[in-house]
>>> print(open('upload18.pdb').read())   # PDB, C-alpha atoms
ATOM      1  CA  MET A   1      -8.947  -0.941 -19.619
ATOM      2  CA  ASN A   2      -7.503   2.504 -19.545
ATOM      3  CA  LEU A   3      -4.685   1.963 -17.083
ATOM      4  CA  LEU A   4      -1.214   3.366 -17.303
ATOM      5  CA  ASP A   5       1.766   1.080 -17.513
ATOM      6  CA  ARG A   6       3.500   0.445 -14.255
ATOM      7  CA  PRO A   7       5.971   3.272 -13.672
ATOM      8  CA  SER A   8       9.413   2.331 -14.999
ATOM      9  CA  GLN A   9      11.042   3.606 -11.833
ATOM     10  CA  THR A  10      10.169   2.113  -8.502
ATOM     11  CA  PRO A  11       7.100   4.111  -7.460
ATOM     12  CA  ASP A  12       7.063   5.958  -4.195
ATOM     13  CA  PRO A  13       4.237   4.224  -2.282
ATOM     14  CA  SER A  14       3.164   7.569  -0.851
ATOM     15  CA  ASP A  15       2.367   8.773  -4.389
ATOM     16  CA  ASP A  16      -0.266   6.096  -4.902
ATOM     17  CA  CYS A  17      -3.130   4.650  -2.966
ATOM     18  CA  THR A  18      -5.332   1.579  -3.130
ATOM     19  CA  THR A  19      -8.814   1.565  -4.593
ATOM     20  CA  LEU A  20     -10.257   1.244  -1.112
ATOM     21  CA  GLU A  21      -8.326   4.236   0.140
ATOM     22  CA  ALA A  22      -9.340   6.269  -2.912
ATOM     23  CA  ALA A  23     -12.968   5.327  -2.307
ATOM     24  CA  ARG A  24     -12.717   6.593   1.241
ATOM     25  CA  LEU A  25     -11.032   9.819   0.218
ATOM     26  CA  LEU A  26     -13.683  10.485  -2.407
ATOM     27  CA  GLY A  27     -16.600   9.276  -0.298
ATOM     28  CA  MET A  28     -17.543   6.782  -2.978
ATOM     29  CA  SER A  29     -17.924   3.058  -3.302
ATOM     30  CA  VAL A  30     -14.940   0.954  -4.323
ATOM     31  CA  ARG A  31     -16.837  -0.133  -7.424
ATOM     32  CA  SER A  32     -17.401   3.480  -8.479
ATOM     33  CA  VAL A  33     -13.672   4.178  -8.155
ATOM     34  CA  GLN A  34     -12.853   1.055 -10.161
ATOM     35  CA  LEU A  35     -15.173   2.234 -12.923
ATOM     36  CA  MET A  36     -13.598   5.689 -12.888
ATOM     37  CA  VAL A  37     -10.191   4.078 -13.298
ATOM     38  CA  ASP A  38     -11.463   1.947 -16.137
ATOM     39  CA  ARG A  39     -12.943   5.025 -17.824
ATOM     40  CA  GLY A  40      -9.624   6.813 -17.516
ATOM     41  CA  GLU A  41     -10.984   9.446 -15.144
ATOM     42  CA  LEU A  42      -8.351   8.601 -12.552
ATOM     43  CA  GLN A  43      -4.697   7.926 -13.299
ATOM     44  CA  ALA A  44      -3.788   4.439 -12.175
ATOM     45  CA  TRP A  45      -1.589   1.450 -12.829
ATOM     46  CA  LYS A  46      -1.771  -2.183 -11.892
ATOM     47  CA  THR A  47       0.478  -4.253  -9.675
ATOM     48  CA  PRO A  48       1.764  -7.603 -10.950
ATOM     49  CA  GLY A  49      -1.027  -9.127  -8.863
ATOM     50  CA  GLY A  50      -3.631  -7.102 -10.748
ATOM     51  CA  HIS A  51      -4.472  -4.573  -8.024
ATOM     52  CA  ARG A  52      -5.145  -1.001  -9.070
ATOM     53  CA  ARG A  53      -2.891   1.711  -7.680
ATOM     54  CA  ILE A  54      -4.233   5.220  -8.071
ATOM     55  CA  ALA A  55      -2.115   8.382  -8.263
ATOM     56  CA  ARG A  56      -2.846  10.677  -5.333
ATOM     57  CA  SER A  57      -2.271  13.679  -7.584
ATOM     58  CA  SER A  58      -5.119  12.443  -9.739
ATOM     59  CA  LEU A  59      -7.403  12.232  -6.706
ATOM     60  CA  GLU A  60      -6.478  15.707  -5.576
ATOM     61  CA  GLN A  61      -7.125  17.102  -9.023
ATOM     62  CA  LEU A  62     -10.510  15.438  -9.130
ATOM     63  CA  ARG A  63     -11.482  16.689  -5.702
ATOM     64  CA  ALA A  64     -10.339  20.207  -6.501
ATOM     65  CA  THR A  65     -12.347  20.409  -9.708
ATOM     66  CA  ALA A  66     -15.420  18.650  -8.400
ATOM     67  CA  GLY A  67     -15.815  20.662  -5.208
ATOM     68  CA  ARG A  68     -18.368  19.576  -2.627
ATOM     69  CA  PRO A  69     -20.543  17.644  -2.766
ATOM     70  CA  PHE A  70     -18.408  15.437  -4.950
ATOM     71  CA  THR A  71     -19.872  14.443  -8.313
ATOM     72  CA  PRO A  72     -18.133  11.664 -10.211
ATOM     73  CA  PRO A  73     -17.247  13.071 -13.627
ATOM     74  CA  GLY A  74     -18.375   9.869 -15.271
ATOM     75  CA  LEU A  75     -21.889  10.554 -14.109
ATOM     76  CA  ALA A  76     -21.741  14.217 -15.000
ATOM     77  CA  SER A  77     -20.667  13.545 -18.573
ATOM     78  CA  ALA A  78     -22.913  10.579 -19.161
ATOM     79  CA  ALA A  79     -26.447  10.784 -20.476
ATOM     80  CA  PRO A  80     -28.793  12.281 -17.896
ATOM     81  CA  ARG A  81     -30.030   9.724 -15.425
ATOM     82  CA  THR A  82     -33.617   9.684 -14.390
ATOM     83  CA  THR A  83     -32.748   8.269 -10.986
ATOM     84  CA  ALA A  84     -29.584   8.402  -8.950
ATOM     85  CA  PRO A  85     -28.222   5.097  -7.714
ATOM     86  CA  PRO A  86     -29.401   4.299  -4.213
ATOM     87  CA  ARG A  87     -26.936   5.144  -1.511
ATOM     88  CA  VAL A  88     -26.154   3.148   1.576
ATOM     89  CA  LEU A  89     -23.922   4.510   4.314
ATOM     90  CA  LEU A  90     -22.222   2.096   6.704
ATOM     91  CA  ILE A  91     -20.765   3.504   9.926
ATOM     92  CA  ASP A  92     -18.558   0.838  11.472
ATOM     93  CA  ASP A  93     -15.007   1.067  12.745
ATOM     94  CA  SER A  94     -14.290  -2.576  11.908
ATOM     95  CA  ILE A  95     -12.401  -2.729   8.626
ATOM     96  CA  HIS A  96     -13.233  -6.435   8.501
ATOM     97  CA  PHE A  97     -16.945  -5.692   8.461
ATOM     98  CA  GLN A  98     -16.572  -2.793   6.088
ATOM     99  CA  LYS A  99     -14.981  -5.258   3.697
ATOM    100  CA  LEU A 100     -17.641  -7.896   4.298
ATOM    101  CA  VAL A 101     -20.455  -5.448   3.580
ATOM    102  CA  SER A 102     -18.573  -4.185   0.508
ATOM    103  CA  LEU A 103     -18.216  -7.739  -0.798
ATOM    104  CA  LEU A 104     -21.862  -8.491  -0.098
ATOM    105  CA  MET A 105     -23.101  -5.335  -1.789
ATOM    106  CA  ARG A 106     -20.896  -5.842  -4.831
ATOM    107  CA  GLN A 107     -22.159  -9.385  -5.170
ATOM    108  CA  ARG A 108     -25.866  -8.900  -4.547
ATOM    109  CA  PHE A 109     -26.597  -5.184  -4.965
ATOM    110  CA  PRO A 110     -24.196  -3.898  -7.598
ATOM    111  CA  GLU A 111     -26.429  -0.903  -8.361
ATOM    112  CA  VAL A 112     -26.092   0.443  -4.854
ATOM    113  CA  GLU A 113     -23.429   2.991  -3.932
ATOM    114  CA  LEU A 114     -21.904   1.988  -0.632
ATOM    115  CA  HIS A 115     -20.174   4.656   1.428
ATOM    116  CA  LEU A 116     -18.105   3.962   4.519
ATOM    117  CA  ALA A 117     -17.325   5.847   7.702
ATOM    118  CA  ASP A 118     -15.019   4.692  10.488
ATOM    119  CA  ASP A 119     -16.545   6.590  13.393
ATOM    120  CA  GLY A 120     -19.638   8.438  14.481
ATOM    121  CA  ILE A 121     -18.381  11.936  13.745
ATOM    122  CA  ALA A 122     -17.276  11.104  10.212
ATOM    123  CA  GLY A 123     -20.532   9.198   9.798
ATOM    124  CA  LEU A 124     -22.653  12.187  10.770
ATOM    125  CA  ALA A 125     -20.759  14.427   8.370
ATOM    126  CA  LEU A 126     -21.118  11.926   5.529
ATOM    127  CA  TYR A 127     -24.793  11.435   6.304
ATOM    128  CA  GLY A 128     -25.447  15.151   5.886
ATOM    129  CA  GLN A 129     -23.504  15.191   2.651
ATOM    130  CA  LEU A 130     -24.947  12.062   1.072
ATOM    131  CA  ARG A 131     -28.493  11.791   2.469
ATOM    132  CA  PRO A 132     -28.415   8.018   1.904
ATOM    133  CA  GLN A 133     -31.595   6.004   1.583
ATOM    134  CA  VAL A 134     -30.189   3.464   4.026
ATOM    135  CA  LEU A 135     -27.972   4.001   7.033
ATOM    136  CA  ILE A 136     -26.324   1.053   8.771
ATOM    137  CA  VAL A 137     -24.772   1.822  12.152
ATOM    138  CA  ASP A 138     -22.679  -0.232  14.542
ATOM    139  CA  ILE A 139     -23.452   0.321  18.222
ATOM    140  CA  LEU A 140     -19.915   0.454  19.551
ATOM    141  CA  LEU A 141     -18.016   3.200  17.772
ATOM    142  CA  PRO A 142     -15.077   5.383  18.715
ATOM    143  CA  GLY A 143     -16.015   8.984  19.417
ATOM    144  CA  ILE A 144     -19.800   9.235  19.350
ATOM    145  CA  ASP A 145     -21.179   5.778  20.072
ATOM    146  CA  GLY A 146     -23.793   4.368  17.758
ATOM    147  CA  ALA A 147     -26.655   4.681  20.235
ATOM    148  CA  THR A 148     -26.026   8.392  20.763
ATOM    149  CA  LEU A 149     -25.638   8.912  17.037
ATOM    150  CA  ILE A 150     -28.910   7.111  16.313
ATOM    151  CA  THR A 151     -30.791   9.107  18.950
ATOM    152  CA  SER A 152     -29.423  12.348  17.552
ATOM    153  CA  LEU A 153     -30.287  11.512  13.955
ATOM    154  CA  ARG A 154     -33.810  10.338  14.759
ATOM    155  CA  SER A 155     -34.568  13.653  16.429
ATOM    156  CA  HIS A 156     -34.124  15.502  13.124
ATOM    157  CA  ALA A 157     -36.982  15.702  10.610
ATOM    158  CA  GLN A 158     -34.674  15.456   7.607
ATOM    159  CA  PHE A 159     -33.703  11.969   8.749
ATOM    160  CA  ALA A 160     -37.242  10.711   8.050
ATOM    161  CA  HIS A 161     -36.458   9.707   4.471
ATOM    162  CA  SER A 162     -33.695   7.284   5.516
ATOM    163  CA  HIS A 163     -34.070   3.703   6.632
ATOM    164  CA  LEU A 164     -31.914   2.768   9.577
ATOM    165  CA  ALA A 165     -30.516  -0.609  10.568
ATOM    166  CA  VAL A 166     -28.250  -1.340  13.506
ATOM    167  CA  VAL A 167     -25.492  -3.942  13.284
ATOM    168  CA  THR A 168     -23.701  -5.259  16.318
ATOM    169  CA  SER A 169     -21.716  -8.143  17.651
ATOM    170  CA  LEU A 170     -23.287  -7.602  21.074
ATOM    171  CA  ASP A 171     -25.770 -10.208  22.183
ATOM    172  CA  GLU A 172     -29.183  -9.240  23.532
ATOM    173  CA  THR A 173     -27.989  -8.970  27.137
ATOM    174  CA  GLN A 174     -25.058  -6.780  26.162
ATOM    175  CA  ARG A 175     -27.360  -4.558  24.121
ATOM    176  CA  ALA A 176     -29.594  -3.764  27.093
ATOM    177  CA  PRO A 177     -27.834  -0.490  27.996
ATOM    178  CA  TYR A 178     -28.539   0.774  24.475
ATOM    179  CA  ALA A 179     -32.202  -0.265  24.382
ATOM    180  CA  PHE A 180     -33.300   3.383  24.563
ATOM    181  CA  ALA A 181     -31.859   3.966  21.098
ATOM    182  CA  LEU A 182     -32.860   0.709  19.467
ATOM    183  CA  ASP A 183     -36.616   0.920  19.917
ATOM    184  CA  GLN A 184     -38.460  -0.207  16.768
ATOM    185  CA  LEU A 185     -35.255  -0.552  14.806
ATOM    186  CA  PRO A 186     -34.042  -3.683  13.028
ATOM    187  CA  VAL A 187     -30.952  -4.928  14.848
ATOM    188  CA  ILE A 188     -28.743  -7.356  12.968
ATOM    189  CA  HIS A 189     -26.392  -9.537  14.956
ATOM    190  CA  LYS A 190     -23.188  -9.508  12.916
ATOM    191  CA  PRO A 191     -22.993 -13.272  12.405
ATOM    192  CA  ARG A 192     -26.426 -13.006  10.725
ATOM    193  CA  LEU A 193     -25.481 -10.061   8.514
ATOM    194  CA  VAL A 194     -25.130 -11.990   5.246
ATOM    195  CA  THR A 195     -28.619 -13.399   5.660
ATOM    196  CA  GLU A 196     -30.488 -10.478   7.166
ATOM    197  CA  LEU A 197     -29.042  -7.366   5.545
ATOM    198  CA  PRO A 198     -29.999  -8.367   1.970
ATOM    199  CA  GLU A 199     -33.550  -9.070   3.151
ATOM    200  CA  LEU A 200     -33.824  -5.570   4.589
ATOM    201  CA  LEU A 201     -32.358  -3.941   1.498
ATOM    202  CA  MET A 202     -34.787  -5.812  -0.729
ATOM    203  CA  GLN A 203     -37.621  -4.350   1.333
ATOM    204  CA  TRP A 204     -36.211  -0.841   1.494
ATOM    205  CA  LEU A 205     -34.948  -0.479  -2.062
ATOM    206  CA  PRO A 206     -37.471  -2.586  -3.978
ATOM    207  CA  GLU A 207     -37.655  -0.519  -7.168
ATOM    208  CA  ARG A 208     -33.955   0.051  -7.544
ATOM    209  CA  VAL A 209     -32.425  -3.236  -6.591
ATOM    210  CA  PRO A 210     -32.873  -6.221  -8.878
ATOM    211  CA  ALA A 211     -33.690  -9.492  -7.214
ATOM    212  CA  PRO A 212     -30.590 -11.639  -6.745
ATOM    213  CA  THR A 213     -30.136 -14.068  -9.598
ATOM    214  CA  ASP A 214     -28.901 -17.617  -9.303
ATOM    215  CA  ALA A 215     -25.706 -16.546 -11.020
ATOM    216  CA  ALA A 216     -25.141 -13.753  -8.540
ATOM    217  CA  MET A 217     -25.724 -16.051  -5.618
ATOM    218  CA  THR A 218     -23.257 -18.731  -6.590
TER     219      THR A 218
ATOM    220  CA  MET B 219     -18.436 -33.047  -8.026
ATOM    221  CA  ALA B 220     -18.054 -29.298  -8.608
ATOM    222  CA  ALA B 221     -14.816 -27.621  -7.592
ATOM    223  CA  HIS B 222     -16.459 -25.565  -4.876
ATOM    224  CA  ASP B 223     -18.085 -28.725  -3.467
ATOM    225  CA  ARG B 224     -14.674 -30.380  -3.175
ATOM    226  CA  GLN B 225     -13.297 -27.188  -1.681
ATOM    227  CA  PHE B 226     -16.108 -27.147   0.881
ATOM    228  CA  ARG B 227     -15.640 -30.823   1.733
ATOM    229  CA  ASP B 228     -11.933 -30.277   2.452
ATOM    230  CA  MET B 229     -12.524 -27.429   4.877
ATOM    231  CA  ALA B 230     -12.320 -27.757   8.656
ATOM    232  CA  PRO B 231     -15.643 -28.590  10.315
ATOM    233  CA  GLY B 232     -15.775 -25.236  12.101
ATOM    234  CA  VAL B 233     -15.283 -23.419   8.822
ATOM    235  CA  ARG B 234     -17.978 -25.488   7.116
ATOM    236  CA  THR B 235     -20.361 -24.643   9.938
ATOM    237  CA  ALA B 236     -19.480 -20.954   9.631
ATOM    238  CA  ILE B 237     -20.120 -21.005   5.888
ATOM    239  CA  ALA B 238     -23.468 -22.700   6.389
ATOM    240  CA  ASN B 239     -24.591 -20.514   9.294
ATOM    241  CA  ASN B 240     -22.937 -17.162   8.616
ATOM    242  CA  PHE B 241     -22.647 -17.076   4.830
ATOM    243  CA  ASP B 242     -25.810 -18.798   3.660
ATOM    244  CA  GLY B 243     -23.641 -21.583   2.291
ATOM    245  CA  ASP B 244     -21.879 -19.164  -0.054
ATOM    246  CA  VAL B 245     -18.331 -20.574  -0.239
ATOM    247  CA  GLN B 246     -17.159 -17.866  -2.643
ATOM    248  CA  LEU B 247     -18.277 -15.060  -0.376
ATOM    249  CA  TYR B 248     -16.633 -16.785   2.584
ATOM    250  CA  GLU B 249     -13.394 -17.194   0.664
ATOM    251  CA  ALA B 250     -13.417 -13.568  -0.443
ATOM    252  CA  PHE B 251     -14.020 -12.438   3.129
ATOM    253  CA  ALA B 252     -11.324 -14.755   4.484
ATOM    254  CA  MET B 253      -8.848 -13.343   1.985
ATOM    255  CA  SER B 254      -9.684  -9.756   2.906
ATOM    256  CA  CYS B 255      -9.321 -10.645   6.589
ATOM    257  CA  ALA B 256      -5.924 -12.217   5.994
ATOM    258  CA  GLU B 257      -4.754  -8.943   4.447
ATOM    259  CA  GLN B 258      -6.234  -6.914   7.263
ATOM    260  CA  PHE B 259      -4.686  -9.084   9.989
ATOM    261  CA  ALA B 260      -1.257  -7.654   9.119
ATOM    262  CA  HIS B 261      -2.588  -4.161   9.844
ATOM    263  CA  ASP B 262      -4.327  -5.412  12.989
ATOM    264  CA  ILE B 263      -1.071  -6.911  14.243
ATOM    265  CA  ALA B 264       0.778  -3.647  13.695
ATOM    266  CA  ALA B 265      -1.966  -1.608  15.362
ATOM    267  CA  GLY B 266      -2.271  -4.044  18.260
ATOM    268  CA  GLN B 267       1.455  -4.060  18.863
ATOM    269  CA  ALA B 268       1.554  -0.265  18.877
ATOM    270  CA  SER B 269      -1.345  -0.179  21.362
ATOM    271  CA  CYS B 270       0.317  -2.827  23.503
ATOM    272  CA  ASP B 271       3.633  -0.951  23.536
ATOM    273  CA  ALA B 272       1.834   2.262  24.463
ATOM    274  CA  GLY B 273      -0.243   0.555  27.149
ATOM    275  CA  ASP B 274      -3.395   1.773  25.371
ATOM    276  CA  LEU B 275      -5.987  -0.584  26.824
ATOM    277  CA  ALA B 276      -8.921   1.181  25.171
ATOM    278  CA  ALA B 277      -7.408   0.621  21.738
ATOM    279  CA  LEU B 278      -6.591  -2.999  22.567
ATOM    280  CA  HIS B 279     -10.152  -3.505  23.764
ATOM    281  CA  ARG B 280     -11.582  -2.079  20.548
ATOM    282  CA  LEU B 281      -9.237  -4.172  18.413
ATOM    283  CA  ALA B 282     -10.039  -7.360  20.330
ATOM    284  CA  HIS B 283     -13.755  -6.662  20.039
ATOM    285  CA  ASN B 284     -13.560  -6.197  16.284
ATOM    286  CA  LEU B 285     -11.312  -9.220  15.828
ATOM    287  CA  LYS B 286     -13.739 -11.347  17.822
ATOM    288  CA  SER B 287     -16.500 -10.577  15.353
ATOM    289  CA  ALA B 288     -14.372 -11.360  12.330
ATOM    290  CA  LEU B 289     -12.992 -14.556  13.832
ATOM    291  CA  THR B 290     -16.407 -15.898  14.795
ATOM    292  CA  MET B 291     -17.695 -15.098  11.302
ATOM    293  CA  LEU B 292     -14.797 -17.113   9.889
ATOM    294  CA  GLY B 293     -15.444 -20.046  12.210
ATOM    295  CA  HIS B 294     -12.131 -19.745  14.075
ATOM    296  CA  ASP B 295     -13.577 -20.478  17.485
ATOM    297  CA  GLU B 296     -10.254 -21.012  19.272
ATOM    298  CA  LEU B 297      -8.918 -17.654  18.132
ATOM    299  CA  PHE B 298     -12.218 -16.078  19.052
ATOM    300  CA  ALA B 299     -11.611 -17.321  22.596
ATOM    301  CA  VAL B 300      -8.129 -15.777  22.647
ATOM    302  CA  ALA B 301      -9.508 -12.444  21.418
ATOM    303  CA  HIS B 302     -12.269 -12.653  24.014
ATOM    304  CA  THR B 303      -9.683 -13.114  26.749
ATOM    305  CA  LEU B 304      -7.780 -10.070  25.533
ATOM    306  CA  GLU B 305     -10.977  -8.054  25.422
ATOM    307  CA  SER B 306     -11.790  -9.075  29.012
ATOM    308  CA  HIS B 307      -8.319  -8.200  30.303
ATOM    309  CA  ALA B 308      -8.373  -4.851  28.518
ATOM    310  CA  ALA B 309     -11.840  -4.060  29.867
ATOM    311  CA  ALA B 310     -10.652  -4.908  33.381
ATOM    312  CA  GLY B 311      -7.678  -2.568  33.052
ATOM    313  CA  ASP B 312      -5.244  -5.437  33.589
ATOM    314  CA  LEU B 313      -2.329  -4.384  31.383
ATOM    315  CA  PRO B 314       0.085  -7.267  32.179
ATOM    316  CA  SER B 315      -2.578  -9.873  31.405
ATOM    317  CA  ALA B 316      -3.703  -7.935  28.338
ATOM    318  CA  ARG B 317      -0.135  -7.907  27.062
ATOM    319  CA  ALA B 318       0.172 -11.670  27.571
ATOM    320  CA  SER B 319      -3.140 -12.234  25.779
ATOM    321  CA  TRP B 320      -2.053  -9.954  22.975
ATOM    322  CA  ARG B 321       1.139 -11.950  22.435
ATOM    323  CA  ALA B 322      -0.902 -15.153  22.140
ATOM    324  CA  LEU B 323      -3.386 -13.570  19.759
ATOM    325  CA  ARG B 324      -0.644 -11.962  17.676
ATOM    326  CA  ALA B 325       1.052 -15.330  17.162
ATOM    327  CA  GLU B 326      -2.186 -16.968  16.039
ATOM    328  CA  LEU B 327      -3.111 -14.095  13.737
ATOM    329  CA  SER B 328       0.322 -14.230  12.123
ATOM    330  CA  LEU B 329      -0.205 -17.898  11.339
ATOM    331  CA  LEU B 330      -3.686 -17.268  10.003
ATOM    332  CA  GLY B 331      -2.559 -14.359   7.855
ATOM    333  CA  SER B 332       0.215 -16.409   6.289
ATOM    334  CA  ARG B 333      -1.958 -19.342   5.211
TER     335      ARG B 333
END
>>> encode(input="upload18.pdb", output="structure tokens")
Amino acid sequence: MNLLDRPSQTPDPSDDCTTLEAARLLGMSVRSVQLMVDRGELQAWKTPGGHRRIARSSLEQLRATAGRPFTPPGLASAAPRTTAPPRVLLIDDSIHFQKLVSLLMRQRFPEVELHLADDGIAGLALYGQLRPQVLIVDILLPGIDGATLITSLRSHAQFAHSHLAVVTSLDETQRAPYAFALDQLPVIHKPRLVTELPELLMQWLPERVPAPTDAAMT
Amino acid sequence: MAAHDRQFRDMAPGVRTAIANNFDGDVQLYEAFAMSCAEQFAHDIAAGQASCDAGDLAALHRLAHNLKSALTMLGHDELFAVAHTLESHAAAGDLPSARASWRALRAELSLLGSR
């Protein structure tokens, strides 16, 4: 592991950020950031509890040199890839569910790059930047609600290459006002997410996602 | 008996049901999620208190809604009910009742986050 020693002086917390925060700032999955830390592409140190802390200056330097869209230097310097890793974008303002989906993806779909957005506006911007194969949208979002966002995206031809799933904690009665946007879309009730989302991803990303192994499932 | 079997056996019935129904029986995934929630509850408490102090019912409603989902996933049905009450009061624009519900929810979340 290519981590720096913990700073000898008490670090200013504002100088560092967590892996999750770095992933958000870079528009990458947490796993990708962890790998960049391990490859020494981001300056970081570890807390006594083993959590990575990443220098903000390192993030800024990376963003400045990479420009937009952001390309992880590890990928750029590695042998050419024949296929990019599949991308999934989750738009959900619940940090709890962002973490649940992150855990699930890391466990069962480690090849997939998961990107996160907290609201509809950020989600739209990230969608245009990433063009993910799969978009997962919560219905109730701050700013643009999920139903409006879905209707807007589906009206654009360039959206045709993406698969779309809706996640919600609303029951069927509560979803009725949003029925106009949900037509012919898979809607996952959040308590069923662990069961139903992997099934959808296996259908939508069959060539790029290995079947879950017994080891991965335990 | 494997360690995770013993761990599962010692869990509260509601939690065991949640693991079976919401996590496909995956105790490790449940535990990882529960740990991440415990960390996040501290942030939720701070955000909820700020919203409560500011009388921001929309923010309290959104927080209660999101907490409801997490709590039901975790199998904490009693806390789910408290969050549901807060959500209802916030949706109704009843700030005094929402504040009372928030205090109850905050106390329970603090306990849960410290376990």
>>> closest_atom_pairs(input="upload18.pdb", of="chain B", to="chain A", cutoff="12 Å", atoms="all atoms listed in the file", output="CSV")
residue,atom,partner,partner_atom,distance
B:Ala220,CA,A:Thr218,CA,12.0
B:His222,CA,A:Thr218,CA,9.8
B:Asp223,CA,A:Thr218,CA,11.7
B:Thr235,CA,A:Pro191,CA,11.9
B:Ala236,CA,A:Pro191,CA,8.9
B:Ile237,CA,A:Val194,CA,10.3
B:Ala238,CA,A:Thr195,CA,10.7
B:Asn239,CA,A:Arg192,CA,7.9
B:Asn240,CA,A:Pro191,CA,5.4
B:Phe241,CA,A:Val194,CA,5.7
B:Asp242,CA,A:Thr195,CA,6.4
B:Gly243,CA,A:Thr218,CA,9.3
B:Asp244,CA,A:Thr218,CA,6.7
B:Val245,CA,A:Thr218,CA,8.2
B:Gln246,CA,A:Thr218,CA,7.3
B:Leu247,CA,A:Leu103,CA,7.3
B:Tyr248,CA,A:Leu100,CA,9.1
B:Glu249,CA,A:Leu103,CA,10.7
B:Ala250,CA,A:Leu103,CA,7.6
B:Phe251,CA,A:Leu100,CA,5.9
B:Ala252,CA,A:Leu100,CA,9.3
B:Met253,CA,A:Lys99,CA,10.3
B:Ser254,CA,A:Lys99,CA,7.0
B:Cys255,CA,A:His96,CA,6.1
B:Ala256,CA,A:His96,CA,9.7
B:Glu257,CA,A:His96,CA,9.7
B:Gln258,CA,A:His96,CA,7.1
B:Phe259,CA,A:His96,CA,9.1
B:His261,CA,A:Ile95,CA,10.0
B:Asp262,CA,A:Ile95,CA,9.6
B:Ala276,CA,A:Pro142,CA,9.9
B:Ala277,CA,A:Pro142,CA,9.5
B:His279,CA,A:Leu140,CA,11.3
B:Arg280,CA,A:Pro142,CA,8.4
B:Leu281,CA,A:Ser94,CA,8.4
B:Ala282,CA,A:Ser94,CA,10.6
B:His283,CA,A:Ser169,CA,8.4
B:Asn284,CA,A:Ser94,CA,5.7
B:Leu285,CA,A:His96,CA,8.1
B:Lys286,CA,A:Ser169,CA,8.6
B:Ser287,CA,A:Ser169,CA,6.2
B:Ala288,CA,A:His96,CA,6.3
B:Leu289,CA,A:His96,CA,9.7
B:Thr290,CA,A:Pro191,CA,7.5
B:Met291,CA,A:Pro191,CA,5.7
B:Leu292,CA,A:Pro191,CA,9.4
B:Gly293,CA,A:Pro191,CA,10.1
>>> resolve_selection(input="upload18.pdb", expression="the PyMOL selection byres ((chain B and resi 273) around 12)", output="PyMOL selection string")
chain B and resi 266-272+274-279+308+311-317+320
>>> atom_distance(input="upload18.pdb", atom1="CA of Ile54 (chain A)", atom2="CA of Asp16 (chain A)")
5.2 Å
>>> resolve_selection(input="upload18.pdb", expression="the PyMOL selection byres ((chain A and resi 112) around 6)", output="PDB file with C-alpha atoms, in the coordinates of the input")
ATOM      1  CA  PRO A  85     -28.222   5.097  -7.714  1.00  0.00           C
ATOM      2  CA  PRO A  86     -29.401   4.299  -4.213  1.00  0.00           C
ATOM      3  CA  ARG A  87     -26.936   5.144  -1.511  1.00  0.00           C
ATOM      4  CA  PHE A 109     -26.597  -5.184  -4.965  1.00  0.00           C
ATOM      5  CA  PRO A 110     -24.196  -3.898  -7.598  1.00  0.00           C
ATOM      6  CA  GLU A 111     -26.429  -0.903  -8.361  1.00  0.00           C
ATOM      7  CA  GLU A 113     -23.429   2.991  -3.932  1.00  0.00           C
TER       8      GLU A 113
END
>>> resolve_selection(input="upload18.pdb", expression="the PyMOL selection byres ((chain A and resi 128) around 12)", output="ChimeraX atom specification")
/A:68-69,89,121-127,129-133,135,153,156,158-159,162
>>> axis_aligned_box(input="upload18.pdb", around="region 313-331 of chain B", padding_each_side="8 Å", output="lines of an AutoDock Vina configuration file")
center_x = -1.3
center_y = -11.1
center_z = 20.0
size_x = 20.8
size_y = 29.5
size_z = 40.3
>>> atom_distance(input="upload18.pdb", atom1="CA of Val187 (chain A)", atom2="CA of Ala84 (chain A)")
27.3 Å
>>> atom_distance(input="upload18.pdb", atom1="CA of Asp15 (chain A)", atom2="CA of Ala117 (chain A)")
23.3 Å
>>> closest_residue(input="upload18.pdb", among="B:Ala299, B:Ala310, B:Ala260, B:Leu304", to="Leu327 (chain B)", atoms="only C-alpha atoms")
B:Ala260
